[in-house]
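Enquirer: Sharing structure_12.pdb, PDB, C-alpha atoms and all ligand atoms:
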```pdb
ATOM      1  CA  MET Q   1      -1.765 -18.249   6.755  1.00  0.00           C
ATOM      2  CA  THR Q   2      -0.972 -15.262   8.948  1.00  0.00           C
ATOM      3  CA  GLU Q   3       0.993 -17.539  11.234  1.00  0.00           C
ATOM      4  CA  GLN Q   4       3.263 -18.683   8.493  1.00  0.00           C
ATOM      5  CA  LYS Q   5       6.067 -16.578   9.883  1.00  0.00           C
ATOM      6  CA  ASP Q   6       5.975 -18.488  13.149  1.00  0.00           C
ATOM      7  CA  HIS Q   7       6.441 -21.718  11.261  1.00  0.00           C
ATOM      8  CA  LYS Q   8       9.731 -20.579   9.894  1.00  0.00           C
ATOM      9  CA  SER Q   9      12.456 -22.789  11.214  1.00  0.00           C
ATOM     10  CA  ASP Q  10      15.258 -21.394  13.286  1.00  0.00           C
ATOM     11  CA  ILE Q  11      17.592 -22.267  10.458  1.00  0.00           C
ATOM     12  CA  SER Q  12      15.687 -20.018   8.073  1.00  0.00           C
ATOM     13  CA  LYS Q  13      15.874 -17.193  10.557  1.00  0.00           C
ATOM     14  CA  SER Q  14      19.593 -17.701  11.075  1.00  0.00           C
ATOM     15  CA  LEU Q  15      20.190 -17.723   7.347  1.00  0.00           C
ATOM     16  CA  GLU Q  16      18.231 -14.496   7.016  1.00  0.00           C
ATOM     17  CA  ASN Q  17      20.420 -12.910   9.677  1.00  0.00           C
ATOM     18  CA  ILE Q  18      23.603 -14.039   7.981  1.00  0.00           C
ATOM     19  CA  ALA Q  19      22.297 -12.833   4.614  1.00  0.00           C
ATOM     20  CA  SER Q  20      21.387  -9.373   5.865  1.00  0.00           C
ATOM     21  CA  LEU Q  21      24.762  -9.023   7.510  1.00  0.00           C
ATOM     22  CA  ILE Q  22      26.498  -9.861   4.236  1.00  0.00           C
ATOM     23  CA  VAL Q  23      24.207  -7.487   2.323  1.00  0.00           C
ATOM     24  CA  SER Q  24      25.225  -4.758   4.752  1.00  0.00           C
ATOM     25  CA  GLY Q  25      28.817  -5.121   3.552  1.00  0.00           C
ATOM     26  CA  ARG Q  26      30.467  -7.454   6.075  1.00  0.00           C
ATOM     27  CA  SER Q  27      32.431 -10.391   4.755  1.00  0.00           C
ATOM     28  CA  ALA Q  28      31.446 -13.654   6.400  1.00  0.00           C
ATOM     29  CA  ALA Q  29      32.537 -17.257   6.779  1.00  0.00           C
ATOM     30  CA  LEU Q  30      30.298 -20.188   7.510  1.00  0.00           C
ATOM     31  CA  ILE Q  31      31.705 -23.328   9.070  1.00  0.00           C
ATOM     32  CA  ALA Q  32      29.529 -26.228   7.964  1.00  0.00           C
ATOM     33  CA  PRO Q  33      29.810 -29.892   6.989  1.00  0.00           C
ATOM     34  CA  LYS Q  34      30.731 -30.418   3.360  1.00  0.00           C
ATOM     35  CA  LEU Q  35      27.458 -32.212   2.823  1.00  0.00           C
ATOM     36  CA  LEU Q  36      25.467 -29.088   3.575  1.00  0.00           C
ATOM     37  CA  GLN Q  37      27.568 -26.355   2.058  1.00  0.00           C
ATOM     38  CA  GLN Q  38      25.927 -26.352  -1.358  1.00  0.00           C
ATOM     39  CA  GLU Q  39      22.446 -26.209   0.140  1.00  0.00           C
ATOM     40  CA  LEU Q  40      23.374 -23.422   2.555  1.00  0.00           C
ATOM     41  CA  ALA Q  41      25.172 -21.484  -0.177  1.00  0.00           C
ATOM     42  CA  GLU Q  42      22.147 -21.672  -2.450  1.00  0.00           C
ATOM     43  CA  ARG Q  43      19.786 -20.514   0.238  1.00  0.00           C
ATOM     44  CA  LEU Q  44      22.032 -17.661   1.287  1.00  0.00           C
ATOM     45  CA  ALA Q  45      22.670 -16.562  -2.293  1.00  0.00           C
ATOM     46  CA  GLY Q  46      18.916 -16.685  -2.930  1.00  0.00           C
ATOM     47  CA  LEU Q  47      18.351 -14.243  -0.081  1.00  0.00           C
ATOM     48  CA  ILE Q  48      21.349 -12.016  -0.767  1.00  0.00           C
ATOM     49  CA  LEU Q  49      20.749 -11.621  -4.499  1.00  0.00           C
ATOM     50  CA  CYS Q  50      16.996 -10.978  -4.171  1.00  0.00           C
ATOM     51  CA  LEU Q  51      16.029  -7.342  -4.593  1.00  0.00           C
ATOM     52  CA  GLU Q  52      13.433  -7.857  -1.844  1.00  0.00           C
ATOM     53  CA  GLY Q  53      15.898  -9.698   0.355  1.00  0.00           C
ATOM     54  CA  ASN Q  54      13.661 -12.723   0.793  1.00  0.00           C
ATOM     55  CA  ALA Q  55      14.261 -14.960  -2.225  1.00  0.00           C
ATOM     56  CA  CYS Q  56      10.876 -13.811  -3.522  1.00  0.00           C
ATOM     57  CA  GLN Q  57      11.303 -15.657  -6.837  1.00  0.00           C
ATOM     58  CA  LYS Q  58       9.494 -12.806  -8.548  1.00  0.00           C
ATOM     59  CA  CYS Q  59      11.825  -9.811  -8.689  1.00  0.00           C
ATOM     60  CA  PRO Q  60      13.970  -9.252 -11.807  1.00  0.00           C
ATOM     61  CA  SER Q  61      17.020 -10.630  -9.996  1.00  0.00           C
ATOM     62  CA  CYS Q  62      15.312 -13.770  -8.674  1.00  0.00           C
ATOM     63  CA  ARG Q  63      14.045 -14.473 -12.171  1.00  0.00           C
ATOM     64  CA  LEU Q  64      17.604 -14.727 -13.447  1.00  0.00           C
ATOM     65  CA  TRP Q  65      18.344 -17.917 -11.550  1.00  0.00           C
ATOM     66  CA  VAL Q  66      18.929 -20.806 -13.930  1.00  0.00           C
ATOM     67  CA  GLY Q  67      19.181 -23.893 -11.757  1.00  0.00           C
ATOM     68  CA  LYS Q  68      22.013 -23.135  -9.391  1.00  0.00           C
ATOM     69  CA  THR Q  69      23.543 -20.301 -11.352  1.00  0.00           C
ATOM     70  CA  HIS Q  70      22.930 -16.576 -11.265  1.00  0.00           C
ATOM     71  CA  PRO Q  71      24.863 -13.957 -13.232  1.00  0.00           C
ATOM     72  CA  ASP Q  72      25.774 -12.109 -10.010  1.00  0.00           C
ATOM     73  CA  LEU Q  73      26.906 -15.242  -8.190  1.00  0.00           C
ATOM     74  CA  ILE Q  74      30.571 -16.117  -8.531  1.00  0.00           C
ATOM     75  CA  PRO Q  75      31.505 -19.513  -7.075  1.00  0.00           C
ATOM     76  CA  LYS Q  76      35.192 -20.209  -6.459  1.00  0.00           C
ATOM     77  CA  GLY Q  77      36.841 -23.461  -5.537  1.00  0.00           C
ATOM     78  CA  SER Q  78      34.999 -26.637  -4.621  1.00  0.00           C
ATOM     79  CA  PHE Q  79      34.266 -28.576  -1.453  1.00  0.00           C
ATOM     80  CA  ASP Q  80      37.479 -30.493  -1.829  1.00  0.00           C
ATOM     81  CA  GLN Q  81      39.631 -27.816  -3.304  1.00  0.00           C
ATOM     82  CA  ALA Q  82      40.080 -24.288  -2.081  1.00  0.00           C
ATOM     83  CA  PRO Q  83      40.350 -21.526  -4.659  1.00  0.00           C
ATOM     84  CA  GLY Q  84      43.970 -21.025  -5.678  1.00  0.00           C
ATOM     85  CA  ILE Q  85      45.894 -17.797  -5.553  1.00  0.00           C
ATOM     86  CA  ASP Q  86      44.917 -16.851  -9.111  1.00  0.00           C
ATOM     87  CA  ASP Q  87      41.239 -17.427  -8.379  1.00  0.00           C
ATOM     88  CA  CYS Q  88      41.513 -15.293  -5.276  1.00  0.00           C
ATOM     89  CA  ARG Q  89      43.241 -12.471  -7.098  1.00  0.00           C
ATOM     90  CA  ARG Q  90      40.499 -12.408  -9.716  1.00  0.00           C
ATOM     91  CA  ILE Q  91      37.761 -11.981  -7.127  1.00  0.00           C
ATOM     92  CA  TRP Q  92      38.261  -8.241  -6.946  1.00  0.00           C
ATOM     93  CA  GLU Q  93      37.677  -7.951 -10.667  1.00  0.00           C
ATOM     94  CA  ASP Q  94      34.675 -10.295 -10.534  1.00  0.00           C
ATOM     95  CA  ILE Q  95      32.788  -8.584  -7.757  1.00  0.00           C
ATOM     96  CA  SER Q  96      33.589  -4.977  -8.571  1.00  0.00           C
ATOM     97  CA  LEU Q  97      31.566  -5.195 -11.786  1.00  0.00           C
ATOM     98  CA  VAL Q  98      28.151  -3.580 -11.804  1.00  0.00           C
ATOM     99  CA  PRO Q  99      25.602  -6.221 -10.734  1.00  0.00           C
ATOM    100  CA  VAL Q 100      23.583  -7.659 -13.632  1.00  0.00           C
ATOM    101  CA  ALA Q 101      20.295  -7.552 -11.719  1.00  0.00           C
ATOM    102  CA  GLY Q 102      20.935  -8.239  -8.053  1.00  0.00           C
ATOM    103  CA  PRO Q 103      21.655  -5.701  -5.336  1.00  0.00           C
ATOM    104  CA  CYS Q 104      25.294  -6.880  -5.307  1.00  0.00           C
ATOM    105  CA  ARG Q 105      27.826  -9.308  -6.761  1.00  0.00           C
ATOM    106  CA  LEU Q 106      28.472 -12.253  -4.497  1.00  0.00           C
ATOM    107  CA  ALA Q 107      31.612 -14.383  -4.468  1.00  0.00           C
ATOM    108  CA  VAL Q 108      31.217 -17.715  -2.667  1.00  0.00           C
ATOM    109  CA  LEU Q 109      34.487 -19.445  -1.847  1.00  0.00           C
ATOM    110  CA  TYR Q 110      34.324 -23.138  -1.026  1.00  0.00           C
ATOM    111  CA  GLY Q 111      36.846 -25.360   0.687  1.00  0.00           C
ATOM    112  CA  CYS Q 112      38.495 -22.489   2.547  1.00  0.00           C
ATOM    113  CA  ASP Q 113      39.779 -24.747   5.320  1.00  0.00           C
ATOM    114  CA  ARG Q 114      42.317 -25.755   2.661  1.00  0.00           C
ATOM    115  CA  LEU Q 115      43.345 -22.270   1.555  1.00  0.00           C
ATOM    116  CA  SER Q 116      47.049 -21.920   0.926  1.00  0.00           C
ATOM    117  CA  LEU Q 117      48.814 -19.227   2.895  1.00  0.00           C
ATOM    118  CA  PRO Q 118      49.412 -17.015  -0.181  1.00  0.00           C
ATOM    119  CA  ALA Q 119      45.759 -17.429  -1.245  1.00  0.00           C
ATOM    120  CA  GLY Q 120      44.607 -16.567   2.269  1.00  0.00           C
ATOM    121  CA  ASN Q 121      46.842 -13.524   2.363  1.00  0.00           C
ATOM    122  CA  SER Q 122      45.540 -12.351  -0.988  1.00  0.00           C
ATOM    123  CA  LEU Q 123      42.051 -12.147   0.531  1.00  0.00           C
ATOM    124  CA  LEU Q 124      42.958  -9.831   3.390  1.00  0.00           C
ATOM    125  CA  LYS Q 125      42.318  -6.580   1.625  1.00  0.00           C
ATOM    126  CA  ILE Q 126      39.168  -7.572  -0.229  1.00  0.00           C
ATOM    127  CA  THR Q 127      37.497  -9.100   2.835  1.00  0.00           C
ATOM    128  CA  GLU Q 128      38.233  -6.022   4.884  1.00  0.00           C
ATOM    129  CA  GLU Q 129      37.156  -3.521   2.275  1.00  0.00           C
ATOM    130  CA  PRO Q 130      35.150  -5.156  -0.483  1.00  0.00           C
ATOM    131  CA  PRO Q 131      34.193  -3.099  -3.538  1.00  0.00           C
ATOM    132  CA  GLU Q 132      31.044  -1.047  -3.135  1.00  0.00           C
ATOM    133  CA  LYS Q 133      28.700  -3.693  -4.528  1.00  0.00           C
ATOM    134  CA  GLY Q 134      30.845  -6.745  -3.961  1.00  0.00           C
ATOM    135  CA  ARG Q 135      30.208  -9.272  -1.199  1.00  0.00           C
ATOM    136  CA  ILE Q 136      32.171 -12.281  -0.013  1.00  0.00           C
ATOM    137  CA  LEU Q 137      31.140 -15.499   1.695  1.00  0.00           C
ATOM    138  CA  LEU Q 138      33.587 -18.243   2.625  1.00  0.00           C
ATOM    139  CA  PHE Q 139      32.725 -21.845   3.402  1.00  0.00           C
ATOM    140  CA  LEU Q 140      34.919 -24.085   5.485  1.00  0.00           C
ATOM    141  CA  GLU Q 141      34.621 -27.362   7.308  1.00  0.00           C
ATOM    142  CA  GLU Q 142      37.070 -26.575  10.065  1.00  0.00           C
ATOM    143  CA  ASP Q 143      37.754 -23.357  11.830  1.00  0.00           C
ATOM    144  CA  ASN Q 144      41.389 -23.069  10.786  1.00  0.00           C
ATOM    145  CA  LEU Q 145      41.691 -19.771   8.925  1.00  0.00           C
ATOM    146  CA  ILE Q 146      44.824 -17.733   9.391  1.00  0.00           C
ATOM    147  CA  PRO Q 147      44.161 -15.259  12.226  1.00  0.00           C
ATOM    148  CA  THR Q 148      44.674 -12.188  10.039  1.00  0.00           C
ATOM    149  CA  LEU Q 149      41.947 -13.355   7.673  1.00  0.00           C
ATOM    150  CA  ARG Q 150      39.712 -14.647  10.435  1.00  0.00           C
ATOM    151  CA  SER Q 151      39.692 -11.285  12.175  1.00  0.00           C
ATOM    152  CA  ARG Q 152      38.265  -9.658   9.053  1.00  0.00           C
ATOM    153  CA  LEU Q 153      35.279 -11.963   8.869  1.00  0.00           C
ATOM    154  CA  VAL Q 154      32.141 -12.580  10.830  1.00  0.00           C
ATOM    155  CA  ILE Q 155      32.260 -16.291  11.540  1.00  0.00           C
ATOM    156  CA  PHE Q 156      29.187 -18.477  11.826  1.00  0.00           C
ATOM    157  CA  LYS Q 157      29.054 -22.087  12.721  1.00  0.00           C
ATOM    158  CA  TYR Q 158      26.377 -24.430  11.426  1.00  0.00           C
ATOM    159  CA  PRO Q 159      24.039 -25.490  12.859  1.00  0.00           C
ATOM    160  CA  VAL Q 160      23.420 -22.094  14.281  1.00  0.00           C
ATOM    161  CA  LYS Q 161      22.091 -22.695  17.761  1.00  0.00           C
ATOM    162  CA  SER Q 162      18.363 -22.564  17.870  1.00  0.00           C
ATOM    163  CA  ILE Q 163      16.484 -21.070  20.783  1.00  0.00           C
ATOM    164  CA  GLY Q 164      14.854 -24.326  21.763  1.00  0.00           C
ATOM    165  CA  GLY Q 165      18.056 -26.356  21.898  1.00  0.00           C
ATOM    166  CA  PRO Q 166      19.126 -28.781  19.204  1.00  0.00           C
ATOM    167  CA  LEU Q 167      16.461 -29.704  16.720  1.00  0.00           C
ATOM    168  CA  LYS Q 168      14.586 -32.804  17.783  1.00  0.00           C
ATOM    169  CA  PHE Q 169      13.870 -35.690  15.513  1.00  0.00           C
ATOM    170  CA  PRO Q 170      10.441 -37.279  15.819  1.00  0.00           C
ATOM    171  CA  GLU Q 171      10.654 -40.110  18.373  1.00  0.00           C
ATOM    172  CA  ASP Q 172       7.172 -41.429  17.783  1.00  0.00           C
ATOM    173  CA  ILE Q 173       4.217 -41.046  15.490  1.00  0.00           C
ATOM    174  CA  GLU Q 174       2.851 -38.094  17.460  1.00  0.00           C
ATOM    175  CA  GLU Q 175       6.039 -36.147  17.077  1.00  0.00           C
ATOM    176  CA  PHE Q 176       6.174 -37.167  13.467  1.00  0.00           C
ATOM    177  CA  MET Q 177       2.722 -35.624  12.962  1.00  0.00           C
ATOM    178  CA  LYS Q 178       3.958 -32.449  14.591  1.00  0.00           C
ATOM    179  CA  TRP Q 179       6.863 -32.363  12.205  1.00  0.00           C
ATOM    180  CA  ILE Q 180       4.472 -32.838   9.293  1.00  0.00           C
ATOM    181  CA  GLU Q 181       2.432 -29.896  10.543  1.00  0.00           C
ATOM    182  CA  SER Q 182       5.479 -27.732  10.992  1.00  0.00           C
ATOM    183  CA  ALA Q 183       6.443 -28.514   7.399  1.00  0.00           C
ATOM    184  CA  GLU Q 184       3.412 -26.696   6.046  1.00  0.00           C
ATOM    185  CA  GLY Q 185       4.570 -24.127   3.538  1.00  0.00           C
ATOM    186  CA  LYS Q 186       8.139 -25.389   3.652  1.00  0.00           C
ATOM    187  CA  LYS Q 187      10.136 -26.169   0.563  1.00  0.00           C
ATOM    188  CA  PRO Q 188      11.659 -29.602  -0.015  1.00  0.00           C
ATOM    189  CA  SER Q 189      15.126 -28.127   0.586  1.00  0.00           C
ATOM    190  CA  GLU Q 190      14.035 -26.944   4.029  1.00  0.00           C
ATOM    191  CA  LEU Q 191      12.820 -30.422   4.924  1.00  0.00           C
ATOM    192  CA  LEU Q 192      16.133 -31.835   3.814  1.00  0.00           C
ATOM    193  CA  LEU Q 193      17.910 -29.414   6.129  1.00  0.00           C
ATOM    194  CA  ASP Q 194      15.776 -30.772   8.983  1.00  0.00           C
ATOM    195  CA  LEU Q 195      16.874 -34.276   8.079  1.00  0.00           C
ATOM    196  CA  SER Q 196      20.507 -33.193   8.032  1.00  0.00           C
ATOM    197  CA  GLU Q 197      20.040 -31.855  11.539  1.00  0.00           C
ATOM    198  CA  TRP Q 198      18.536 -35.066  12.852  1.00  0.00           C
ATOM    199  CA  ILE Q 199      21.442 -37.220  11.749  1.00  0.00           C
ATOM    200  CA  PRO Q 200      24.055 -36.021  14.274  1.00  0.00           C
ATOM    201  CA  ALA Q 201      21.400 -36.103  17.018  1.00  0.00           C
ATOM    202  CA  LEU Q 202      20.549 -39.701  16.133  1.00  0.00           C
ATOM    203  CA  VAL Q 203      24.194 -40.729  16.017  1.00  0.00           C
ATOM    204  CA  LYS Q 204      24.683 -39.185  19.444  1.00  0.00           C
ATOM    205  CA  LYS Q 205      21.847 -41.342  20.720  1.00  0.00           C
ATOM    206  CA  ARG Q 206      23.551 -44.337  19.108  1.00  0.00           C
ATOM    207  CA  LYS Q 207      20.656 -44.827  16.738  1.00  0.00           C
ATOM    208  CA  HIS Q 208      23.015 -45.497  13.878  1.00  0.00           C
ATOM    209  CA  GLN Q 209      20.651 -47.522  11.787  1.00  0.00           C
ATOM    210  CA  LEU Q 210      17.971 -44.877  11.880  1.00  0.00           C
ATOM    211  CA  ALA Q 211      20.571 -42.209  11.148  1.00  0.00           C
ATOM    212  CA  ALA Q 212      21.628 -44.189   8.088  1.00  0.00           C
ATOM    213  CA  ARG Q 213      18.024 -44.508   6.946  1.00  0.00           C
ATOM    214  CA  ILE Q 214      17.399 -40.795   7.341  1.00  0.00           C
ATOM    215  CA  GLU Q 215      20.562 -40.061   5.396  1.00  0.00           C
ATOM    216  CA  THR Q 216      19.341 -42.418   2.695  1.00  0.00           C
ATOM    217  CA  VAL Q 217      16.025 -40.551   2.550  1.00  0.00           C
ATOM    218  CA  ARG Q 218      17.897 -37.272   2.343  1.00  0.00           C
ATOM    219  CA  MET Q 219      20.073 -38.518  -0.509  1.00  0.00           C
ATOM    220  CA  ILE Q 220      17.224 -40.035  -2.488  1.00  0.00           C
ATOM    221  CA  SER Q 221      15.111 -36.914  -2.040  1.00  0.00           C
ATOM    222  CA  GLU Q 222      17.907 -34.626  -3.090  1.00  0.00           C
ATOM    223  CA  LYS Q 223      18.920 -36.643  -6.127  1.00  0.00           C
ATOM    224  CA  GLY Q 224      15.331 -37.214  -7.201  1.00  0.00           C
ATOM    225  CA  ASN Q 225      14.185 -33.645  -6.525  1.00  0.00           C
ATOM    226  CA  LEU Q 226      11.312 -35.130  -4.576  1.00  0.00           C
ATOM    227  CA  LYS Q 227       8.312 -33.112  -3.490  1.00  0.00           C
ATOM    228  CA  VAL Q 228       7.480 -32.388   0.140  1.00  0.00           C
ATOM    229  CA  ALA Q 229       4.809 -35.078   0.427  1.00  0.00           C
ATOM    230  CA  MET Q 230       7.093 -37.752  -0.976  1.00  0.00           C
ATOM    231  CA  ILE Q 231       9.908 -36.835   1.393  1.00  0.00           C
ATOM    232  CA  GLN Q 232       7.460 -37.072   4.277  1.00  0.00           C
ATOM    233  CA  ASP Q 233       6.335 -40.507   3.116  1.00  0.00           C
ATOM    234  CA  LEU Q 234       9.908 -41.725   2.953  1.00  0.00           C
ATOM    235  CA  VAL Q 235      10.659 -40.356   6.429  1.00  0.00           C
ATOM    236  CA  HIS Q 236       7.565 -42.092   7.731  1.00  0.00           C
ATOM    237  CA  GLU Q 237       8.721 -45.345   6.208  1.00  0.00           C
ATOM    238  CA  ALA Q 238      12.226 -44.907   7.603  1.00  0.00           C
ATOM    239  CA  LEU Q 239      10.948 -44.255  11.136  1.00  0.00           C
ATOM    240  CA  GLN Q 240       8.982 -47.468  11.313  1.00  0.00           C
ATOM    241  CA  GLU Q 241      10.746 -50.359  12.962  1.00  0.00           C
ATOM    242  CA  GLY Q 242      10.729 -53.461  10.843  1.00  0.00           C
ATOM    243  CA  SER Q 243       9.456 -51.634   7.801  1.00  0.00           C
ATOM    244  CA  GLN Q 244      10.384 -52.507   4.267  1.00  0.00           C
ATOM    245  CA  PHE Q 245      12.746 -49.606   4.218  1.00  0.00           C
ATOM    246  CA  ASP Q 246      16.067 -51.438   4.454  1.00  0.00           C
ATOM    247  CA  HIS Q 247      14.764 -53.961   2.024  1.00  0.00           C
ATOM    248  CA  LEU Q 248      13.934 -51.301  -0.506  1.00  0.00           C
ATOM    249  CA  PHE Q 249      16.797 -48.931  -0.045  1.00  0.00           C
ATOM    250  CA  GLY Q 250      19.423 -50.870   1.852  1.00  0.00           C
ATOM    251  CA  ASP Q 251      21.452 -51.541  -1.265  1.00  0.00           C
ATOM    252  CA  LEU Q 252      22.563 -47.955  -1.339  1.00  0.00           C
ATOM    253  CA  TRP Q 253      24.734 -48.601   1.696  1.00  0.00           C
TER     254      TRP Q 253
HETATM  255 ZN    ZN Q 301      13.547 -11.583  -5.383  1.00  0.00          ZN
END
```
Spit out the file's structure as structure tokens when you get a sec.

Expert:
Amino acid sequence: MTEQKDHKSDISKSLENIASLIVSGRSAALIAPKLLQQELAERLAGLILCLEGNACQKCPSCRLWVGKTHPDLIPKGSFDQAPGIDDCRRIWEDISLVPVAGPCRLAVLYGCDRLSLPAGNSLLKITEEPPEKGRILLFLEEDNLIPTLRSRLVIFKYPVKSIGGPLKFPEDIEEFMKWIESAEGKKPSELLLDLSEWIPALVKKRKHQLAARIETVRMISEKGNLKVAMIQDLVHEALQEGSQFDHLFGDLW
């Protein structure tokens, strides 16, 4: 298992980079599809709020996660609604408290492509100079922040470019086996991120039906909290031409 590090996907590495930048005190914004924001936020928060910095699941801070909540994680707004001016004003208070167990307090602001001008303006000071142990991460779907706020943030765009070009989806059974191998030691959520990456690539290749199947697998797996092996089975089923897949799951569409 010494090679486990090499198996880490480029996404994981990118998220680690973003997390360590935020830990260091920079405020950041991540531009990502709505569909993925929750997943990315959870993974980033897991890294940022871990005392070891690697979502170890063992340290006193990691042990305080209850589902998707952590006492040092302060979510604001939703995917469809940006935090309002009052929410934004309260952030200072929220993240300047002493962390309960984590190395910092983390405010995650969703829907920031819809921030009102006053709300955006109210974030200028706190993003530039957050409290000593307060950190801020913004999520947006479109890169449309007001320039004064934008200039105070490090902006990332998802998917962060990987070294080997865009992530490939398995074209045949051989590539599928490779994907299975590369999934060794991965968590279900990491597999689902892979699937999310395949979809735009498939659409680009005009493989709409397959894209829809993969999205169905992703949805079912997410909703059902499926284990790695089950997700792989479903992907296998979805990849096979003329399989029972549409028969079984087609009703969802
Ligand atoms: Zn930890």

Enquirer: Within 6 Å of ligand ZN 301 (chain Q), counting only C-alpha atoms and all ligand atoms: which residues, as a PDB file with C-alpha atoms, in the frame of the given file?

Expert:
```pdb
ATOM      1  CA  CYS Q  50      16.996 -10.978  -4.171  1.00  0.00           C
ATOM      2  CA  LEU Q  51      16.029  -7.342  -4.593  1.00  0.00           C
ATOM      3  CA  GLU Q  52      13.433  -7.857  -1.844  1.00  0.00           C
ATOM      4  CA  ALA Q  55      14.261 -14.960  -2.225  1.00  0.00           C
ATOM      5  CA  CYS Q  56      10.876 -13.811  -3.522  1.00  0.00           C
ATOM      6  CA  GLN Q  57      11.303 -15.657  -6.837  1.00  0.00           C
ATOM      7  CA  LYS Q  58       9.494 -12.806  -8.548  1.00  0.00           C
ATOM      8  CA  CYS Q  59      11.825  -9.811  -8.689  1.00  0.00           C
ATOM      9  CA  SER Q  61      17.020 -10.630  -9.996  1.00  0.00           C
ATOM     10  CA  CYS Q  62      15.312 -13.770  -8.674  1.00  0.00           C
TER      11      CYS Q  62
END
```

Enquirer: Could you tell me, as an MDAnalysis selection string, exactly which residues end up selected when the PyMOL selection byres (((chain Q and resi 149) around 10) and not hetatm) is applied to this structure?

Expert: chainID Q and resid 120:125 127:128 145:148 150:153

Enquirer: So which residues get picked by the PyMOL selection byres (((chain Q and resi 18-29) around 8) and not hetatm) here, written as a PyMOL selection string?

Expert: chain Q and resi 14-17+30-31+44-45+47-48+53+104+127-128+130+134-140+152-156

Enquirer: Report, in Å to a single decimal, how far apart CA of Gly84 (chain Q) and CA of Ala119 (chain Q) are.

Expert: 6.0 Å

Enquirer: Taking the file above as input, evaluate the PyMOL selection byres (((chain Q and resi 194) around 10) and not hetatm) and report the hits as a list of chain:residue names.

Expert: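 Given this file, the PyMOL selection byres (((chain Q and resi 194) around 10) and not hetatm) evaluates to Q:Ser9, Q:Ile11, Q:Leu167, Q:Lys168, Q:Phe169, Q:Trp179, Q:Ala183, Q:Pro188, Q:Ser189, Q:Glu190, Q:Leu191, Q:Leu192, Q:Leu193, Q:Leu195, Q:Ser196, Q:Glu197, Q:Trp198, Q:Ile199, Q:Arg218.
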
Enquirer: For CA of Tyr110 (chain Q) and CA of Leu97 (chain Q), determine how far apart the two atoms are, in Å to one decimal place.

Expert: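 So the two atoms, CA of Tyr110 (chain Q) and CA of Leu97 (chain Q), lie 21.1 Å apart.
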
Enquirer: Name the residues in contact with Leu234 (chain Q) at a cut-off of 12 Å, using all atoms listed in the file, excluding same-chain residues fewer than 2 positions from it; report them as a ChimeraX atom specification.

Expert: /Q:191-192,195,213-221,226-232,236-240,243-246,248-249

Enquirer: May I ask which of the residues Q:Glu171, Q:Asp80, Q:Glu222, Q:Asp10 is the closest one to Lys207 (chain Q), counting all atoms listed in the file?

Expert: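 Checking each of Q:Glu171, Q:Asp80, Q:Glu222, Q:Asp10 against Lys207 (chain Q), counting all atoms listed in the file, the winner is Q:Glu171.
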
Enquirer: I'd like the interatomic distance between CA of Ser116 (chain Q) and CA of Pro71 (chain Q), to a tenth of an Å.

Expert: 27.5 Å

Enquirer: For Ile180 (chain Q), which of Q:Glu129, Q:Asp233, Q:Glu42, Q:Glu142 is the closest residue, counting only C-alpha atoms?

Expert: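 Going through Q:Glu129, Q:Asp233, Q:Glu42, Q:Glu142 one by one, the smallest distance to Ile180 (chain Q) is for Q:Asp233.
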
Enquirer: I'd like to know which of Q:Asp72, Q:Glu39, Q:Asp86, Q:Glu184 is closest to Pro118 (chain Q), using only C-alpha atoms.

Expert: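 The closest residue to Pro118 (chain Q) is Q:Asp86.
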